[in-house]
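Chemist: Provided herewith: structure_24.pdb, PDB, C-alpha atoms.
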ATOM      1  CA  MET V  97      12.095-119.710 -34.769  1.00  0.00           C
ATOM      2  CA  ALA V  98      14.374-122.046 -32.868  1.00  0.00           C
ATOM      3  CA  GLN V  99      15.482-121.220 -29.362  1.00  0.00           C
ATOM      4  CA  ASP V 100      19.077-120.113 -28.764  1.00  0.00           C
ATOM      5  CA  GLU V 101      20.040-122.541 -25.973  1.00  0.00           C
ATOM      6  CA  ALA V 102      23.554-121.026 -25.607  1.00  0.00           C
ATOM      7  CA  VAL V 103      22.210-117.764 -24.174  1.00  0.00           C
ATOM      8  CA  ILE V 104      20.132-119.365 -21.377  1.00  0.00           C
ATOM      9  CA  GLY V 105      21.905-118.927 -18.038  1.00  0.00           C
ATOM     10  CA  CYS V 106      24.107-116.063 -19.259  1.00  0.00           C
ATOM     11  CA  THR V 107      24.179-112.665 -17.589  1.00  0.00           C
ATOM     12  CA  GLY V 108      23.916-109.313 -19.254  1.00  0.00           C
ATOM     13  CA  VAL V 109      23.267-105.602 -18.764  1.00  0.00           C
ATOM     14  CA  LEU V 110      20.161-103.768 -19.940  1.00  0.00           C
ATOM     15  CA  LEU V 111      20.879-101.148 -22.594  1.00  0.00           C
ATOM     16  CA  ILE V 112      17.194-100.191 -22.725  1.00  0.00           C
ATOM     17  CA  GLY V 113      15.045-100.825 -19.663  1.00  0.00           C
ATOM     18  CA  THR V 114      12.182-103.300 -19.857  1.00  0.00           C
ATOM     19  CA  ARG V 115       8.591-102.255 -19.151  1.00  0.00           C
ATOM     20  CA  GLY V 116       7.183-105.551 -17.907  1.00  0.00           C
ATOM     21  CA  ALA V 117       3.941-106.424 -19.709  1.00  0.00           C
ATOM     22  CA  ALA V 118       4.006-103.016 -21.443  1.00  0.00           C
ATOM     23  CA  GLY V 119       6.992-103.904 -23.651  1.00  0.00           C
ATOM     24  CA  PRO V 120      10.540-105.132 -24.039  1.00  0.00           C
ATOM     25  CA  GLY V 121      13.940-103.558 -23.598  1.00  0.00           C
ATOM     26  CA  GLU V 122      17.365-104.519 -24.930  1.00  0.00           C
ATOM     27  CA  VAL V 123      20.102-106.517 -23.201  1.00  0.00           C
ATOM     28  CA  LEU V 124      23.798-106.959 -24.011  1.00  0.00           C
ATOM     29  CA  VAL V 125      24.700-110.563 -23.110  1.00  0.00           C
ATOM     30  CA  SER V 126      28.163-112.118 -22.760  1.00  0.00           C
ATOM     31  CA  VAL V 127      27.867-115.288 -24.853  1.00  0.00           C
ATOM     32  CA  ARG V 128      29.992-117.357 -27.257  1.00  0.00           C
ATOM     33  CA  GLY V 129      33.192-115.499 -26.328  1.00  0.00           C
ATOM     34  CA  GLY V 130      31.771-112.074 -27.112  1.00  0.00           C
ATOM     35  CA  SER V 131      28.778-109.828 -26.525  1.00  0.00           C
ATOM     36  CA  GLU V 132      25.477-109.942 -28.393  1.00  0.00           C
ATOM     37  CA  ALA V 133      22.353-107.780 -28.131  1.00  0.00           C
ATOM     38  CA  PHE V 134      18.885-109.296 -27.687  1.00  0.00           C
ATOM     39  CA  VAL V 135      15.358-107.967 -27.243  1.00  0.00           C
ATOM     40  CA  ALA V 136      14.671-108.487 -23.516  1.00  0.00           C
ATOM     41  CA  TRP V 137      11.333-109.279 -21.890  1.00  0.00           C
ATOM     42  CA  SER V 138      10.683-109.355 -18.127  1.00  0.00           C
ATOM     43  CA  ALA V 139       7.679-109.882 -15.876  1.00  0.00           C
ATOM     44  CA  GLU V 140       8.335-106.586 -14.071  1.00  0.00           C
ATOM     45  CA  PRO V 141       9.925-103.356 -15.315  1.00  0.00           C
ATOM     46  CA  LEU V 142      13.726-103.243 -14.978  1.00  0.00           C
ATOM     47  CA  PRO V 143      15.875-100.090 -15.313  1.00  0.00           C
ATOM     48  CA  VAL V 144      18.683 -99.305 -17.738  1.00  0.00           C
ATOM     49  CA  GLY V 145      21.987-100.671 -16.398  1.00  0.00           C
ATOM     50  CA  ALA V 146      20.395-103.497 -14.395  1.00  0.00           C
ATOM     51  CA  THR V 147      22.312-106.765 -14.367  1.00  0.00           C
ATOM     52  CA  VAL V 148      20.032-109.563 -15.551  1.00  0.00           C
ATOM     53  CA  LEU V 149      20.053-113.335 -16.003  1.00  0.00           C
ATOM     54  CA  VAL V 150      18.642-114.881 -19.179  1.00  0.00           C
ATOM     55  CA  ILE V 151      16.093-117.518 -18.152  1.00  0.00           C
ATOM     56  CA  GLU V 152      14.505-118.367 -21.517  1.00  0.00           C
ATOM     57  CA  SER V 153      15.055-117.887 -25.229  1.00  0.00           C
ATOM     58  CA  ARG V 154      12.026-116.897 -27.308  1.00  0.00           C
ATOM     59  CA  GLY V 155      13.921-117.380 -30.579  1.00  0.00           C
ATOM     60  CA  ALA V 156      14.472-114.616 -33.155  1.00  0.00           C
ATOM     61  CA  ARG V 157      17.015-112.938 -30.811  1.00  0.00           C
ATOM     62  CA  GLN V 158      14.468-112.425 -28.022  1.00  0.00           C
ATOM     63  CA  VAL V 159      14.983-113.554 -24.419  1.00  0.00           C
ATOM     64  CA  ASP V 160      13.231-113.525 -21.050  1.00  0.00           C
ATOM     65  CA  VAL V 161      15.282-112.041 -18.198  1.00  0.00           C
ATOM     66  CA  ILE V 162      15.145-111.551 -14.430  1.00  0.00           C
ATOM     67  CA  GLU V 163      17.101-109.145 -12.268  1.00  0.00           C
ATOM     68  CA  TRP V 164      20.329-110.767 -11.062  1.00  0.00           C
ATOM     69  CA  ALA V 165      22.694-110.105  -8.177  1.00  0.00           C
ATOM     70  CA  ASP V 166      25.829-112.247  -7.995  1.00  0.00           C
ATOM     71  CA  PRO V 167      25.605-114.205  -4.710  1.00  0.00           C
ATOM     72  CA  LEU V 168      29.405-114.193  -4.380  1.00  0.00           C
ATOM     73  CA  GLU V 169      29.439-110.396  -4.333  1.00  0.00           C
ATOM     74  CA  ALA V 170      26.962-110.474  -1.419  1.00  0.00           C
ATOM     75  CA  LEU V 171      29.383-112.703   0.515  1.00  0.00           C
ATOM     76  CA  ALA V 172      32.220-110.223   0.008  1.00  0.00           C
ATOM     77  CA  GLY V 173      30.153-107.331   1.391  1.00  0.00           C
ATOM     78  CA  ASP V 174      28.974-106.481   4.887  1.00  0.00           C
ATOM     79  CA  PRO V 175      27.574-109.603   6.640  1.00  0.00           C
ATOM     80  CA  GLY V 176      24.541-107.543   7.613  1.00  0.00           C
ATOM     81  CA  ASP V 177      23.607-107.223   3.922  1.00  0.00           C
ATOM     82  CA  ALA V 178      23.534-110.944   3.162  1.00  0.00           C
ATOM     83  CA  GLY V 179      20.268-112.886   3.206  1.00  0.00           C
TER      84      GLY V 179
END
Could you express the structure from this file as structure tokens?

Modeler:
Amino acid sequence: MAQDEAVIGCTGVLLIGTRGAAGPGEVLVSVRGGSEAFVAWSAEPLPVGATVLVIESRGARQVDVIEWADPLEALAGDPGDAG
């Protein structure tokens, strides 16, 4: 299946946590002016509700994700928390 280039670089929230190498979860991604669900794979387990960044499309509505924290939100917080 062809990759879905539009989803790469988008953020989303895990509806079902990933289990790393043990299996995928499900992510709701903001893309194309709406929200779409994809099967989500990650190198390490990620919990339900985690904010993630899509780093690769596997095609067939499957994506690779990593945990994501908005760097601008870190700047707005306590300076002791940044970096």

Chemist: Leaving out V:Ala165 and any residue of its chain fewer than 6 positions from it, which residues lie within 10 Å of it when counting all atoms listed in the file, given as a ChimeraX atom specification?

Modeler: /V:107,146-149

Chemist: Find the residues near V:Ala139: any atom within 8 Å, counting all atoms listed in the file, skip ones fewer than 2 places away on the same chain, and give them as a PyMOL selection string.

Modeler: chain V and resi 116-117+137+141+162

Chemist: Please determine, counting all atoms listed in the file, which residue among V:Asp160, V:Asp100, V:Glu132, V:Asp166 has the shortest atom-to-atom distance to V:Thr114.

Modeler: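 Nearest candidate to V:Thr114 out of V:Asp160, V:Asp100, V:Glu132, V:Asp166: V:Asp160.
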
Chemist: Taking all atoms listed in the file into account, which of V:Leu142, V:Ala170, V:Leu124, V:Phe134 comes nearest V:Gly155?

Modeler: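 Comparing V:Leu142, V:Ala170, V:Leu124, V:Phe134 against V:Gly155, the winner is V:Phe134.
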
Chemist: Find the residues near V:Val127: any atom within 8 Å, counting all atoms listed in the file, skip ones fewer than 5 places away on the same chain, and give them as number ranges by chain.

Modeler: V: 102-103, 106, 132

Chemist: Using only C-alpha atoms, which of the listed residues (V:Val135, V:Ser126, V:Ala98, V:Gly121) sits closest to V:Gln158?

Modeler: V:Val135

Chemist: I'd like the interatomic distance between atom CA of V:Leu110 and atom CA of V:Ala172, to a tenth of an Å.

Modeler: 24.2 Å
